[in-house]
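Asker: Before I ask anything, here is the structure I am working with.
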Amino acid sequence: MNIQDKEIEPNGMDFHAPGAKGDQGKIMAGLLADFSLALEEIAKVSTYGAKKYSPGGWQAVPDGIQRYTHAAWRHLLRMQREEIDPESGLRHEAQVVWNFLARLELKLRMEPQRLGLAPGLIEKETK
């Protein structure tokens, strides 16, 4: 399939014409800039974890989905009593979000279509 079969140039221009951009219908990822302050707090959590453990090491944690779920809940519960985590000096709320992002990322990476596998294959192999 030709990539141009999926993409639409919103101004009707030929894809090879100067100024053409086939971005109609794509997600507007730039909208994440609306959350710049919150994302900076998440980046602080990522930086703290990379320095404490290793950059990207979170991806190799055994049973990561379950463990990041538990970590998110621990911070969520602590958040009811205090805003700042005394160990890291970071906001509990940012750590909740980071842990749920890590959990979501791991789950998405396991989806069969992302691995190029037929639906249902992952579930059969892990049972």
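Naming scheme: A, B, ... for chains in displayed order of the structure tokens; residues 1 onward per chain; ligands 1 onward as shown.
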Using only C-alpha atoms, find each residue of segment 10-89 of chain A with at least one atom at most 8 Å away from an atom of segment 94-100 of chain A; report its shortest atom-to-atom pair and that distance in Å (one decimal), sort the rows by chain and rising residue number, and return the result as a Markdown table.

Answerer:
| residue | atom | partner | partner_atom | distance |
| --- | --- | --- | --- | --- |
| A:Ala38 | CA | A:Ala94 | CA | 7.5 |
| A:Glu41 | CA | A:Ala94 | CA | 5.9 |
| A:Ile42 | CA | A:Ala94 | CA | 5.4 |
| A:Val45 | CA | A:Gln95 | CA | 6.3 |
| A:Ser46 | CA | A:Trp98 | CA | 7.5 |
| A:Tyr68 | CA | A:Asn99 | CA | 5.1 |
| A:Thr69 | CA | A:Phe100 | CA | 6.6 |
| A:Ala71 | CA | A:Asn99 | CA | 6.6 |
| A:Ala72 | CA | A:Val96 | CA | 4.4 |
| A:Trp73 | CA | A:Val96 | CA | 7.1 |
| A:His75 | CA | A:Val96 | CA | 5.7 |
| A:Leu76 | CA | A:Val96 | CA | 6.0 |

Asker: Can you write out the residues you just picked, keeping C-alpha atoms, as an mmCIF file, in the first residue's frame?

Answerer:
data_model
loop_
_atom_site.group_PDB
_atom_site.id
_atom_site.type_symbol
_atom_site.label_atom_id
_atom_site.label_comp_id
_atom_site.auth_asym_id
_atom_site.auth_seq_id
_atom_site.Cartn_x
_atom_site.Cartn_y
_atom_site.Cartn_z
ATOM 1 C CA ALA A 38 2.836 18.735 34.242
ATOM 2 C CA GLU A 41 7.182 17.225 36.568
ATOM 3 C CA ILE A 42 6.963 13.807 34.886
ATOM 4 C CA VAL A 45 10.485 11.735 37.940
ATOM 5 C CA SER A 46 12.089 10.087 34.896
ATOM 6 C CA TYR A 68 4.238 -0.054 38.391
ATOM 7 C CA THR A 69 0.551 -0.413 39.255
ATOM 8 C CA ALA A 71 3.939 1.874 42.892
ATOM 9 C CA ALA A 72 1.309 4.218 41.442
ATOM 10 C CA TRP A 73 -1.150 3.215 44.143
ATOM 11 C CA HIS A 75 2.056 7.247 45.709
ATOM 12 C CA LEU A 76 -1.661 7.849 45.255
#

Asker: Would you mind telling me which residue in A:Arg91, A:Gln66, A:Lys26, A:Asp14 lies nearest to Arg78 of chain A when using only C-alpha atoms?

Answerer: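 Nearest candidate to Arg78 of chain A out of A:Arg91, A:Gln66, A:Lys26, A:Asp14: A:Arg91.
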
Asker: Could you work out how far atom CA of Ala102 of chain A lies from atom CA of His70 of chain A, giving the answer in Å with one decimal?

Answerer: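 Atom CA of His70 of chain A sits 11.9 Å away from atom CA of Ala102 of chain A.
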
Asker: Find the distance between atom CA of Glu7 of chain A and atom CA of Gly22 of chain A and write it in Å to one decimal.

Answerer: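 Distance reported for this atom pair: 5.2 Å.
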